[in-house]
>>> print(open('model25.cif').read())   # mmCIF, C-alpha atoms
data_my_file
#
loop_
_atom_site.label_atom_id
_atom_site.label_comp_id
_atom_site.auth_asym_id
_atom_site.auth_seq_id
_atom_site.Cartn_x
_atom_site.Cartn_y
_atom_site.Cartn_z
CA MET E 26 -72.05 26.78 -76.19
CA GLY E 27 -73.12 27.51 -72.60
CA ALA E 28 -72.34 30.72 -70.66
CA ALA E 29 -69.54 29.10 -68.69
CA GLY E 30 -67.77 28.07 -71.91
CA SER E 31 -68.14 31.58 -73.43
CA SER E 32 -66.77 33.33 -70.35
CA ALA E 33 -63.74 31.03 -70.28
CA LEU E 34 -62.88 31.88 -73.88
CA ALA E 35 -63.33 35.58 -73.13
CA ARG E 36 -60.83 35.39 -70.25
CA LEU E 37 -58.31 33.91 -72.70
CA GLY E 38 -58.94 36.77 -75.11
CA LEU E 39 -60.53 34.48 -77.70
CA PRO E 40 -63.77 35.16 -79.44
CA ALA E 41 -66.69 33.04 -78.45
CA LEU E 42 -67.64 30.25 -80.84
CA ARG E 43 -71.11 30.52 -82.19
CA LEU E 44 -72.71 27.40 -83.61
CA PRO E 45 -75.56 27.78 -85.98
CA ALA E 46 -78.83 27.12 -84.22
CA GLN E 47 -79.68 24.19 -86.48
CA SER E 48 -76.37 22.39 -85.78
CA ARG E 49 -76.76 22.19 -82.01
CA PRO E 50 -79.60 19.63 -81.90
CA ALA E 51 -77.79 17.42 -84.43
CA TRP E 52 -74.60 17.46 -82.42
CA LEU E 53 -76.45 16.65 -79.23
CA GLY E 54 -78.35 13.85 -81.00
CA VAL E 55 -75.13 12.23 -82.21
CA ALA E 56 -73.74 12.34 -78.68
CA ALA E 57 -76.92 10.80 -77.28
CA LEU E 58 -76.82 8.01 -79.87
CA GLY E 59 -73.21 7.33 -79.01
CA LEU E 60 -73.97 7.03 -75.32
CA ALA E 61 -76.92 4.76 -76.05
CA ALA E 62 -74.73 2.52 -78.21
CA VAL E 63 -72.17 2.23 -75.42
CA ALA E 64 -74.90 1.36 -72.91
CA LEU E 65 -76.45 -1.26 -75.19
CA GLY E 66 -73.05 -2.71 -75.90
CA THR E 67 -72.36 -3.04 -72.19
CA VAL E 68 -75.69 -4.84 -71.63
CA ALA E 69 -75.05 -7.15 -74.60
CA TRP E 70 -71.57 -7.97 -73.34
CA ARG E 71 -72.94 -8.83 -69.93
CA HIS E 72 -75.48 -11.20 -71.50
CA LYS E 73 -73.01 -12.78 -73.90
CA ARG E 74 -70.01 -13.15 -71.67
CA PRO E 75 -69.47 -16.79 -70.75
CA LYS E 76 -70.70 -18.10 -67.42
CA ARG E 77 -68.14 -18.78 -64.77
CA PRO E 78 -66.83 -22.32 -65.31
CA ARG E 79 -68.30 -24.88 -62.92
CA ARG E 80 -65.88 -26.54 -60.57
CA LEU E 81 -65.92 -30.33 -60.76
CA GLN E 82 -65.53 -32.29 -57.55
CA ARG E 83 -64.90 -36.00 -57.94
CA VAL E 84 -67.30 -37.91 -55.68
CA GLY E 85 -67.27 -41.50 -56.94
CA THR E 86 -67.24 -43.99 -59.80
CA VAL E 87 -70.05 -45.78 -61.65
CA SER E 88 -69.92 -49.45 -60.64
CA GLU E 89 -73.21 -50.67 -62.16
CA LEU E 90 -75.77 -49.59 -64.77
CA TRP E 91 -79.23 -51.16 -64.76
CA ILE E 92 -82.15 -51.15 -67.16
CA TYR E 93 -85.51 -52.56 -66.06
CA PRO E 94 -87.40 -53.10 -69.32
CA VAL E 95 -90.65 -54.42 -67.76
CA LYS E 96 -91.81 -52.56 -64.66
CA SER E 97 -91.27 -54.71 -61.52
CA CYS E 98 -89.50 -57.51 -63.42
CA LYS E 99 -85.78 -58.22 -63.07
CA GLY E 100 -83.28 -55.68 -64.29
CA LEU E 101 -80.64 -56.13 -66.94
CA SER E 102 -77.08 -55.14 -66.06
CA VAL E 103 -75.30 -53.32 -68.91
CA SER E 104 -71.74 -52.06 -69.24
CA GLU E 105 -72.75 -48.92 -71.14
CA ALA E 106 -75.94 -47.08 -71.99
CA GLN E 107 -77.35 -43.97 -73.56
CA CYS E 108 -78.83 -41.63 -71.00
CA THR E 109 -81.94 -40.11 -72.56
CA ALA E 110 -84.37 -37.60 -71.11
CA MET E 111 -86.63 -40.56 -70.20
CA GLY E 112 -83.98 -42.81 -68.70
CA LEU E 113 -81.36 -45.34 -69.73
CA ARG E 114 -81.35 -47.00 -73.12
CA CYS E 115 -79.29 -49.79 -74.70
CA GLY E 116 -80.24 -50.38 -78.34
CA HIS E 117 -84.01 -50.92 -78.44
CA LEU E 118 -84.01 -51.78 -74.75
CA ARG E 119 -85.53 -48.95 -72.74
CA ASP E 120 -85.98 -48.53 -69.02
CA ARG E 121 -89.52 -49.35 -67.87
CA PHE E 122 -91.02 -49.05 -71.33
CA TRP E 123 -93.11 -52.20 -70.77
CA LEU E 124 -95.89 -52.55 -68.21
CA VAL E 125 -98.19 -55.32 -66.97
CA ILE E 126 -101.78 -54.13 -66.62
CA LYS E 127 -105.17 -55.48 -65.70
CA GLU E 128 -107.90 -55.62 -68.30
CA ASP E 129 -109.15 -52.22 -67.11
CA GLY E 130 -105.73 -50.64 -67.74
CA HIS E 131 -104.57 -50.24 -64.12
CA MET E 132 -100.91 -51.01 -63.57
CA VAL E 133 -99.75 -54.19 -61.88
CA THR E 134 -96.46 -54.12 -59.98
CA ALA E 135 -94.69 -56.31 -57.44
CA ARG E 136 -96.61 -54.47 -54.74
CA GLN E 137 -99.69 -56.40 -55.86
CA GLU E 138 -97.98 -59.35 -57.58
CA PRO E 139 -94.59 -59.91 -55.92
CA ARG E 140 -93.73 -62.86 -58.18
CA LEU E 141 -93.18 -60.38 -61.04
CA VAL E 142 -89.64 -59.91 -59.68
CA MET E 143 -88.87 -63.48 -60.79
CA VAL E 144 -89.36 -62.67 -64.48
CA SER E 145 -85.90 -62.46 -66.11
CA ILE E 146 -85.24 -60.62 -69.35
CA THR E 147 -82.51 -60.96 -71.95
CA TYR E 148 -82.20 -59.13 -75.24
CA GLU E 149 -80.84 -60.20 -78.61
CA ASP E 150 -81.45 -59.32 -82.28
CA ASN E 151 -84.28 -56.87 -81.47
CA TYR E 152 -86.15 -59.48 -79.44
CA LEU E 153 -86.78 -59.69 -75.71
CA LEU E 154 -86.72 -63.15 -74.13
CA LEU E 155 -88.73 -63.42 -70.92
CA THR E 156 -88.26 -66.43 -68.64
CA ALA E 157 -89.91 -67.34 -65.34
CA PRO E 158 -90.29 -70.47 -63.19
CA GLY E 159 -92.91 -72.95 -64.40
CA VAL E 160 -93.64 -71.42 -67.80
CA GLU E 161 -92.10 -71.65 -71.25
CA PRO E 162 -89.99 -68.66 -72.39
CA LEU E 163 -91.77 -65.78 -74.11
CA VAL E 164 -90.24 -64.07 -77.15
CA LEU E 165 -91.28 -60.44 -77.67
CA GLN E 166 -90.56 -58.10 -80.56
CA SER E 167 -88.92 -54.90 -79.39
CA LYS E 168 -90.95 -52.96 -81.98
CA LEU E 169 -94.63 -53.80 -82.21
CA PRO E 170 -96.77 -53.58 -85.35
CA SER E 171 -98.91 -50.45 -85.50
CA SER E 172 -101.95 -52.70 -85.97
CA ASN E 173 -101.73 -53.73 -82.31
CA ALA E 174 -104.34 -52.00 -80.18
CA LEU E 175 -103.57 -48.91 -78.12
CA ARG E 176 -104.66 -49.20 -74.52
CA ASP E 177 -105.45 -46.56 -71.93
CA CYS E 178 -103.38 -47.24 -68.82
CA ARG E 179 -103.29 -45.72 -65.37
CA ILE E 180 -100.25 -45.38 -63.11
CA PHE E 181 -100.62 -43.78 -59.67
CA GLY E 182 -103.69 -41.89 -60.81
CA LEU E 183 -102.23 -40.55 -64.07
CA ASP E 184 -103.31 -41.67 -67.54
CA ILE E 185 -100.84 -42.88 -70.16
CA LYS E 186 -101.03 -44.90 -73.36
CA GLY E 187 -99.51 -48.28 -74.16
CA ARG E 188 -99.34 -50.48 -77.27
CA ASP E 189 -100.78 -53.94 -76.52
CA CYS E 190 -98.16 -56.68 -76.91
CA GLY E 191 -100.70 -59.25 -78.07
CA ASP E 192 -102.61 -62.25 -76.75
CA GLU E 193 -99.58 -64.53 -76.40
CA ALA E 194 -97.85 -62.12 -74.00
CA ALA E 195 -101.12 -61.57 -72.12
CA GLN E 196 -101.64 -65.31 -71.68
CA TRP E 197 -98.01 -65.80 -70.60
CA PHE E 198 -98.31 -63.35 -67.68
CA THR E 199 -101.77 -64.66 -66.82
CA ASN E 200 -100.46 -68.25 -66.68
CA PHE E 201 -97.43 -67.30 -64.61
CA LEU E 202 -99.17 -65.13 -62.00
CA LYS E 203 -102.35 -67.28 -61.84
CA THR E 204 -104.38 -64.64 -59.98
CA ASP E 205 -106.18 -62.61 -62.64
CA THR E 206 -106.23 -61.80 -66.35
CA TYR E 207 -103.32 -59.58 -67.37
CA ARG E 208 -101.99 -57.86 -70.44
CA LEU E 209 -98.60 -56.40 -71.38
CA VAL E 210 -98.22 -53.00 -73.03
CA GLN E 211 -95.27 -51.09 -74.47
CA PHE E 212 -94.63 -47.35 -74.43
CA GLU E 213 -93.59 -45.83 -77.76
CA GLU E 214 -91.44 -42.76 -78.28
CA ASN E 215 -94.21 -40.80 -79.99
CA MET E 216 -96.50 -41.21 -76.99
CA LYS E 217 -96.89 -38.55 -74.32
CA GLY E 218 -95.18 -39.46 -71.08
CA ARG E 219 -96.31 -38.70 -67.55
CA GLU E 220 -95.13 -35.31 -66.34
CA VAL E 221 -92.88 -35.60 -63.31
CA LYS E 222 -94.35 -32.36 -61.90
CA LYS E 223 -97.75 -34.06 -61.72
CA ILE E 224 -96.27 -37.12 -60.02
CA ALA E 225 -94.21 -35.09 -57.53
CA PRO E 226 -95.35 -31.43 -57.37
CA SER E 227 -92.22 -30.44 -55.43
CA VAL E 228 -90.03 -31.18 -58.48
CA VAL E 229 -89.14 -28.07 -60.49
CA GLN E 230 -87.73 -29.81 -63.58
CA ASN E 231 -90.03 -30.18 -66.56
CA SER E 232 -89.36 -33.82 -67.46
CA GLN E 233 -91.45 -36.82 -68.46
CA VAL E 234 -91.31 -40.55 -67.81
CA ALA E 235 -92.96 -43.60 -69.32
CA TYR E 236 -93.76 -46.23 -66.65
CA PRO E 237 -91.23 -45.52 -63.82
CA ASP E 238 -92.68 -44.51 -60.47
CA CYS E 239 -91.32 -40.98 -60.58
CA CYS E 240 -88.14 -39.88 -62.38
CA PRO E 241 -85.89 -40.98 -65.27
CA ILE E 242 -82.84 -41.84 -63.14
CA MET E 243 -82.29 -43.13 -59.61
CA ILE E 244 -78.82 -43.23 -58.05
CA LEU E 245 -77.77 -45.25 -55.01
CA SER E 246 -74.31 -45.83 -53.56
CA GLU E 247 -72.74 -49.12 -52.51
CA ALA E 248 -71.79 -47.49 -49.19
CA SER E 249 -75.43 -46.69 -48.38
CA LEU E 250 -76.42 -50.31 -48.96
CA ALA E 251 -73.50 -51.51 -46.84
CA ASP E 252 -74.57 -49.17 -44.03
CA LEU E 253 -78.11 -50.55 -44.14
CA ASN E 254 -76.83 -54.13 -44.03
CA THR E 255 -74.93 -53.45 -40.81
CA ARG E 256 -78.34 -52.89 -39.20
CA LEU E 257 -80.12 -55.95 -40.63
CA GLU E 258 -80.10 -59.58 -39.52
CA LYS E 259 -80.89 -60.76 -43.04
CA LYS E 260 -78.78 -58.87 -45.56
CA VAL E 261 -80.37 -57.35 -48.65
CA LYS E 262 -79.02 -56.80 -52.15
CA MET E 263 -79.02 -53.84 -54.51
CA ASP E 264 -81.81 -55.65 -56.39
CA HIS E 265 -84.22 -54.78 -53.58
CA PHE E 266 -83.91 -51.09 -54.50
CA ARG E 267 -83.67 -51.13 -58.30
CA PRO E 268 -81.34 -48.16 -58.99
CA SER E 269 -80.41 -47.05 -62.51
CA ILE E 270 -76.86 -46.12 -61.51
CA VAL E 271 -74.82 -47.57 -58.65
CA VAL E 272 -71.88 -45.51 -57.39
CA THR E 273 -68.83 -46.68 -55.49
CA GLY E 274 -66.01 -44.74 -53.83
CA CYS E 275 -68.14 -42.42 -51.67
CA SER E 276 -69.34 -42.51 -48.08
CA ALA E 277 -72.76 -43.75 -47.00
CA PHE E 278 -75.59 -41.40 -48.00
CA GLU E 279 -73.18 -38.93 -49.54
CA GLU E 280 -75.47 -39.02 -52.59
CA ASP E 281 -78.02 -37.08 -50.52
CA THR E 282 -75.80 -34.00 -50.98
CA TRP E 283 -75.26 -34.21 -54.75
CA ASP E 284 -77.40 -31.55 -56.45
CA GLU E 285 -75.90 -31.51 -59.96
CA LEU E 286 -73.76 -34.25 -61.47
CA LEU E 287 -71.58 -34.81 -64.51
CA ILE E 288 -71.06 -38.46 -65.48
CA GLY E 289 -69.39 -39.12 -68.82
CA ASN E 290 -70.89 -36.34 -70.94
CA VAL E 291 -74.25 -36.53 -69.16
CA GLU E 292 -75.47 -33.78 -66.84
CA MET E 293 -78.10 -34.54 -64.20
CA LYS E 294 -79.94 -32.49 -61.62
CA LYS E 295 -81.37 -33.72 -58.34
CA ALA E 296 -85.16 -33.92 -58.37
CA LEU E 297 -85.96 -35.40 -54.96
CA ALA E 298 -85.10 -38.28 -52.67
CA CYS E 299 -86.52 -41.74 -53.37
CA SER E 300 -89.16 -42.55 -50.78
CA ARG E 301 -89.37 -46.27 -50.11
CA CYS E 302 -92.43 -48.51 -49.84
CA ILE E 303 -93.42 -52.13 -49.34
CA MET E 304 -91.81 -53.01 -52.69
CA THR E 305 -88.43 -53.12 -50.90
CA THR E 306 -89.66 -56.06 -48.81
CA VAL E 307 -90.08 -58.34 -51.85
CA ASP E 308 -87.28 -60.91 -52.06
CA PRO E 309 -85.94 -60.56 -55.64
CA ASP E 310 -84.92 -64.23 -55.72
CA THR E 311 -88.07 -65.89 -54.37
CA GLY E 312 -90.81 -63.36 -55.08
CA ILE E 313 -91.98 -63.61 -51.45
CA ILE E 314 -93.10 -60.38 -49.81
CA ASP E 315 -92.03 -59.89 -46.19
CA ARG E 316 -93.90 -56.62 -45.58
CA LYS E 317 -91.43 -55.68 -42.83
CA GLU E 318 -87.72 -55.64 -43.67
CA PRO E 319 -85.73 -53.75 -44.76
CA LEU E 320 -88.50 -51.12 -44.66
CA GLU E 321 -88.89 -51.06 -40.88
CA THR E 322 -85.15 -50.63 -40.33
CA LEU E 323 -85.00 -47.83 -42.89
CA LYS E 324 -87.83 -46.09 -41.04
CA SER E 325 -85.74 -46.18 -37.86
CA TYR E 326 -83.08 -43.86 -39.23
CA ARG E 327 -83.88 -42.60 -42.75
CA LEU E 328 -87.01 -40.49 -42.29
CA CYS E 329 -87.09 -37.01 -43.82
CA ASP E 330 -86.57 -33.73 -42.04
CA PRO E 331 -89.85 -32.52 -40.47
CA SER E 332 -89.86 -29.58 -42.89
CA GLU E 333 -90.20 -32.04 -45.79
CA ARG E 334 -92.91 -34.23 -44.30
CA GLN E 335 -95.49 -32.84 -46.71
CA ILE E 336 -93.43 -34.32 -49.57
CA TYR E 337 -92.30 -37.66 -48.15
CA LYS E 338 -94.79 -38.25 -45.31
CA SER E 339 -93.67 -41.27 -43.24
CA SER E 340 -91.71 -43.05 -45.98
CA PRO E 341 -87.98 -43.59 -45.43
CA LEU E 342 -85.55 -42.19 -48.01
CA PHE E 343 -82.99 -44.35 -49.77
CA GLY E 344 -81.45 -43.22 -53.07
CA ILE E 345 -81.85 -40.02 -55.07
CA TYR E 346 -83.94 -39.29 -58.17
CA TYR E 347 -82.42 -37.19 -60.96
CA SER E 348 -83.63 -35.49 -64.09
CA VAL E 349 -81.42 -35.54 -67.19
CA GLU E 350 -80.32 -32.02 -68.12
CA LYS E 351 -77.95 -33.02 -70.92
CA ILE E 352 -78.28 -36.38 -72.67
CA GLY E 353 -75.26 -38.48 -73.57
CA ASP E 354 -73.48 -41.78 -72.93
CA LEU E 355 -72.58 -43.57 -69.72
CA LYS E 356 -70.41 -46.57 -68.99
CA VAL E 357 -69.31 -48.55 -65.99
CA GLY E 358 -66.09 -47.01 -64.70
CA ASP E 359 -67.09 -43.43 -65.46
CA THR E 360 -66.07 -40.89 -62.84
CA VAL E 361 -68.95 -39.19 -61.07
CA TYR E 362 -68.40 -35.44 -60.64
CA ARG E 363 -70.40 -33.08 -58.52
CA MET E 364 -70.75 -29.70 -60.26
CA VAL E 365 -70.28 -26.84 -57.79
#
>>> encode(input="model25.cif", output="structure tokens")
Amino acid sequence: MGAAGSSALARLGLPALRLPAQSRPAWLGVAALGLAAVALGTVAWRHKRPKRPRRLQRVGTVSELWIYPVKSCKGLSVSEAQCTAMGLRCGHLRDRFWLVIKEDGHMVTARQEPRLVMVSITYEDNYLLLTAPGVEPLVLQSKLPSSNALRDCRIFGLDIKGRDCGDEAAQWFTNFLKTDTYRLVQFEENMKGREVKKIAPSVVQNSQVAYPDCCPIMILSEASLADLNTRLEKKVKMDHFRPSIVVTGCSAFEEDTWDELLIGNVEMKKALACSRCIMTTVDPDTGIIDRKEPLETLKSYRLCDPSERQIYKSSPLFGIYYSVEKIGDLKVGDTVYRMV
């Protein structure tokens, strides 16, 4: 015991307590261990205590869900879909898991071959049925035999694999487009996707895609399309912009402000805005490319903030790309919540 403790006992007329020398370190050690345990417990509690619940703000309703099986061909409207890390899925039908390529493996889209937008796709009994003006329908298996060749493909400067869909499919696209020799490939789940960070370095999420331009999901609102159409002589449709999810019940361009969303049991996080190109000027009904509208009008009022010019350059922004943070199921009519 210290001097202060001894003198206090003396003033009370009590003899000073004397601890054996060997007991003092043990007693102090137990006290130190106790304090350490309390400190560790406090740290553990802080780490384990649940996060503050996110507040959900209702911002709209899902009015349409779209899957585009073959890149640049027509989309397929579905009433419900699984939302996977690589985009929407309905049965064996996956979003942009098929791609038209040249013989050297370079992608072919409606930017180069605008008539691709006239290829319609239906799905039944694990088969895809492709139809287009002037050619007989093409029936494709949704799962290809492993004996089909693997091809090296290239999309916007990045390499990716694809399983060749065979000579019949290659001849079908060649006959329809009539400009070159083409082949069709399919992405398989065991293949390595393109890393979104390499496509768009500003994106922080670590996600992958098969053959989409950039991200697994793109969201656009009906109000934003309506706003654009008030500025156009010739109205355009949602088909010009090819969103995965269409939202109603919000104001024009409100989707620009949605950072994190909950739809059904799916959580999404904003990756970046969708910069628009000449693809938007392809008429989805005729396959004729205008090269001007609606792109020029979008440029008149939808350019990025100057601080973001390094990301988007001179391309107008219309729609928002999202990564999938928690997979799940979506359906038309689902409420769209902003997580704040």
>>> atom_distance(input="model25.cif", atom1="atom CA of E:Phe122", atom2="atom CA of E:Lys356")
20.9 Å
>>> closest_residue(input="model25.cif", among="E:Ser249, E:Ser300, E:Ser97, E:Thr206", to="E:Glu128", atoms="only C-alpha atoms")
E:Thr206
>>> resolve_selection(input="model25.cif", expression="the PyMOL selection byres ((chain E and resi 260-270) around 6)", output="VMD selection string")
chain E and resid 89 to 91 242 to 244 254 257 259 271 305
>>> closest_residue(input="model25.cif", among="E:Val133, E:Ile185, E:Leu118, E:Cys178", to="E:Leu154", atoms="all atoms listed in the file")
E:Leu118
>>> resolve_selection(input="model25.cif", expression="the PyMOL selection byres ((chain E and resi 241) around 7)", output="NGL selection string")
:E and (110-112 or 234 or 240 or 242 or 347-348)
>>> closest_residue(input="model25.cif", among="E:Thr86, E:Ser276, E:Ser332, E:Gln107", to="E:Leu355", atoms="only C-alpha atoms")
E:Gln107
>>> atom_distance(input="model25.cif", atom1="atom CA of E:Gly130", atom2="atom CA of E:Leu163")
21.6 Å
>>> residues_around(input="model25.cif", residues="E:Phe343", least_positions_apart="2", cutoff="9 Å", atoms="only C-alpha atoms", output="list in words")
Leu245, Ser249, Leu250, Phe266, Phe278, Asp281, Ala298, Cys299, Ser300, Arg301, Leu323, Arg327, Pro341 and Ile345 of chain E
>>> write_last_selection(input="model25.cif", atoms="C-alpha atoms", output="PDB file, in the coordinates of the input")
ATOM      1  CA  LEU E 245     -77.770 -45.250 -55.010  1.00  0.00           C
ATOM      2  CA  SER E 249     -75.430 -46.690 -48.380  1.00  0.00           C
ATOM      3  CA  LEU E 250     -76.420 -50.310 -48.960  1.00  0.00           C
ATOM      4  CA  PHE E 266     -83.910 -51.090 -54.500  1.00  0.00           C
ATOM      5  CA  PHE E 278     -75.590 -41.400 -48.000  1.00  0.00           C
ATOM      6  CA  ASP E 281     -78.020 -37.080 -50.520  1.00  0.00           C
ATOM      7  CA  ALA E 298     -85.100 -38.280 -52.670  1.00  0.00           C
ATOM      8  CA  CYS E 299     -86.520 -41.740 -53.370  1.00  0.00           C
ATOM      9  CA  SER E 300     -89.160 -42.550 -50.780  1.00  0.00           C
ATOM     10  CA  ARG E 301     -89.370 -46.270 -50.110  1.00  0.00           C
ATOM     11  CA  LEU E 323     -85.000 -47.830 -42.890  1.00  0.00           C
ATOM     12  CA  ARG E 327     -83.880 -42.600 -42.750  1.00  0.00           C
ATOM     13  CA  PRO E 341     -87.980 -43.590 -45.430  1.00  0.00           C
ATOM     14  CA  ILE E 345     -81.850 -40.020 -55.070  1.00  0.00           C
TER      15      ILE E 345
END
>>> resolve_selection(input="model25.cif", expression="the PyMOL selection byres ((chain E and resi 212) around 10)", output="PDB file with C-alpha atoms, in the coordinates of the input")
ATOM      1  CA  ARG E 119     -85.530 -48.950 -72.740  1.00  0.00           C
ATOM      2  CA  ARG E 121     -89.520 -49.350 -67.870  1.00  0.00           C
ATOM      3  CA  PHE E 122     -91.020 -49.050 -71.330  1.00  0.00           C
ATOM      4  CA  TRP E 123     -93.110 -52.200 -70.770  1.00  0.00           C
ATOM      5  CA  LEU E 124     -95.890 -52.550 -68.210  1.00  0.00           C
ATOM      6  CA  LEU E 175    -103.570 -48.910 -78.120  1.00  0.00           C
ATOM      7  CA  ILE E 185    -100.840 -42.880 -70.160  1.00  0.00           C
ATOM      8  CA  LYS E 186    -101.030 -44.900 -73.360  1.00  0.00           C
ATOM      9  CA  GLY E 187     -99.510 -48.280 -74.160  1.00  0.00           C
ATOM     10  CA  ARG E 188     -99.340 -50.480 -77.270  1.00  0.00           C
ATOM     11  CA  ASP E 189    -100.780 -53.940 -76.520  1.00  0.00           C
ATOM     12  CA  VAL E 210     -98.220 -53.000 -73.030  1.00  0.00           C
ATOM     13  CA  GLN E 211     -95.270 -51.090 -74.470  1.00  0.00           C
ATOM     14  CA  GLU E 213     -93.590 -45.830 -77.760  1.00  0.00           C
ATOM     15  CA  GLU E 214     -91.440 -42.760 -78.280  1.00  0.00           C
ATOM     16  CA  ASN E 215     -94.210 -40.800 -79.990  1.00  0.00           C
ATOM     17  CA  MET E 216     -96.500 -41.210 -76.990  1.00  0.00           C
ATOM     18  CA  LYS E 217     -96.890 -38.550 -74.320  1.00  0.00           C
ATOM     19  CA  GLY E 218     -95.180 -39.460 -71.080  1.00  0.00           C
ATOM     20  CA  ALA E 235     -92.960 -43.600 -69.320  1.00  0.00           C
ATOM     21  CA  TYR E 236     -93.760 -46.230 -66.650  1.00  0.00           C
TER      22      TYR E 236
END
>>> atom_distance(input="model25.cif", atom1="atom CA of E:Ile224", atom2="atom CA of E:Asp120")
17.8 Å
>>> residues_around(input="model25.cif", residues="E:Met143", least_positions_apart="4", cutoff="10 Å", atoms="all atoms listed in the file", output="list in words")
Ser97, Cys98, Lys99, Ala135, Pro139, Thr156, Ala157, Pro158, Asp308, Pro309, Asp310, Thr311, Gly312 and Ile313 of chain E
>>> closest_residue(input="model25.cif", among="E:Pro331, E:Gly353, E:Gly191, E:Pro226", to="E:Arg176", atoms="all atoms listed in the file")
E:Gly191
>>> residues_near_point(input="model25.cif", point="(-100.3, -55.7, -56.9)", cutoff="12 Å", atoms="only C-alpha atoms", output="PyMOL selection string")
chain E and resi 96-97+125-127+131-142+202+204-205+207+303-304+307+314
>>> residues_near_point(input="model25.cif", point="(-72.2, -34.3, -62.5)", cutoff="12 Å", atoms="all atoms listed in the file", output="ChimeraX atom specification")
/E:79-87,244,280,283-295,347-351,355,359-365
>>> write_last_selection(input="model25.cif", atoms="C-alpha atoms", output="PDB file, in the coordinates of the input")
ATOM      1  CA  ARG E  79     -68.300 -24.880 -62.920  1.00  0.00           C
ATOM      2  CA  ARG E  80     -65.880 -26.540 -60.570  1.00  0.00           C
ATOM      3  CA  LEU E  81     -65.920 -30.330 -60.760  1.00  0.00           C
ATOM      4  CA  GLN E  82     -65.530 -32.290 -57.550  1.00  0.00           C
ATOM      5  CA  ARG E  83     -64.900 -36.000 -57.940  1.00  0.00           C
ATOM      6  CA  VAL E  84     -67.300 -37.910 -55.680  1.00  0.00           C
ATOM      7  CA  GLY E  85     -67.270 -41.500 -56.940  1.00  0.00           C
ATOM      8  CA  THR E  86     -67.240 -43.990 -59.800  1.00  0.00           C
ATOM      9  CA  VAL E  87     -70.050 -45.780 -61.650  1.00  0.00           C
ATOM     10  CA  ILE E 244     -78.820 -43.230 -58.050  1.00  0.00           C
ATOM     11  CA  GLU E 280     -75.470 -39.020 -52.590  1.00  0.00           C
ATOM     12  CA  TRP E 283     -75.260 -34.210 -54.750  1.00  0.00           C
ATOM     13  CA  ASP E 284     -77.400 -31.550 -56.450  1.00  0.00           C
ATOM     14  CA  GLU E 285     -75.900 -31.510 -59.960  1.00  0.00           C
ATOM     15  CA  LEU E 286     -73.760 -34.250 -61.470  1.00  0.00           C
ATOM     16  CA  LEU E 287     -71.580 -34.810 -64.510  1.00  0.00           C
ATOM     17  CA  ILE E 288     -71.060 -38.460 -65.480  1.00  0.00           C
ATOM     18  CA  GLY E 289     -69.390 -39.120 -68.820  1.00  0.00           C
ATOM     19  CA  ASN E 290     -70.890 -36.340 -70.940  1.00  0.00           C
ATOM     20  CA  VAL E 291     -74.250 -36.530 -69.160  1.00  0.00           C
ATOM     21  CA  GLU E 292     -75.470 -33.780 -66.840  1.00  0.00           C
ATOM     22  CA  MET E 293     -78.100 -34.540 -64.200  1.00  0.00           C
ATOM     23  CA  LYS E 294     -79.940 -32.490 -61.620  1.00  0.00           C
ATOM     24  CA  LYS E 295     -81.370 -33.720 -58.340  1.00  0.00           C
ATOM     25  CA  TYR E 347     -82.420 -37.190 -60.960  1.00  0.00           C
ATOM     26  CA  SER E 348     -83.630 -35.490 -64.090  1.00  0.00           C
ATOM     27  CA  VAL E 349     -81.420 -35.540 -67.190  1.00  0.00           C
ATOM     28  CA  GLU E 350     -80.320 -32.020 -68.120  1.00  0.00           C
ATOM     29  CA  LYS E 351     -77.950 -33.020 -70.920  1.00  0.00           C
ATOM     30  CA  LEU E 355     -72.580 -43.570 -69.720  1.00  0.00           C
ATOM     31  CA  ASP E 359     -67.090 -43.430 -65.460  1.00  0.00           C
ATOM     32  CA  THR E 360     -66.070 -40.890 -62.840  1.00  0.00           C
ATOM     33  CA  VAL E 361     -68.950 -39.190 -61.070  1.00  0.00           C
ATOM     34  CA  TYR E 362     -68.400 -35.440 -60.640  1.00  0.00           C
ATOM     35  CA  ARG E 363     -70.400 -33.080 -58.520  1.00  0.00           C
ATOM     36  CA  MET E 364     -70.750 -29.700 -60.260  1.00  0.00           C
ATOM     37  CA  VAL E 365     -70.280 -26.840 -57.790  1.00  0.00           C
TER      38      VAL E 365
END
>>> closest_residue(input="model25.cif", among="E:Arg316, E:Cys329, E:Asn151, E:Pro237", to="E:Ile92", atoms="all atoms listed in the file")
E:Pro237
>>> closest_residue(input="model25.cif", among="E:Val160, E:Leu183, E:Leu342, E:Ala248", to="E:Ser88", atoms="all atoms listed in the file")
E:Ala248
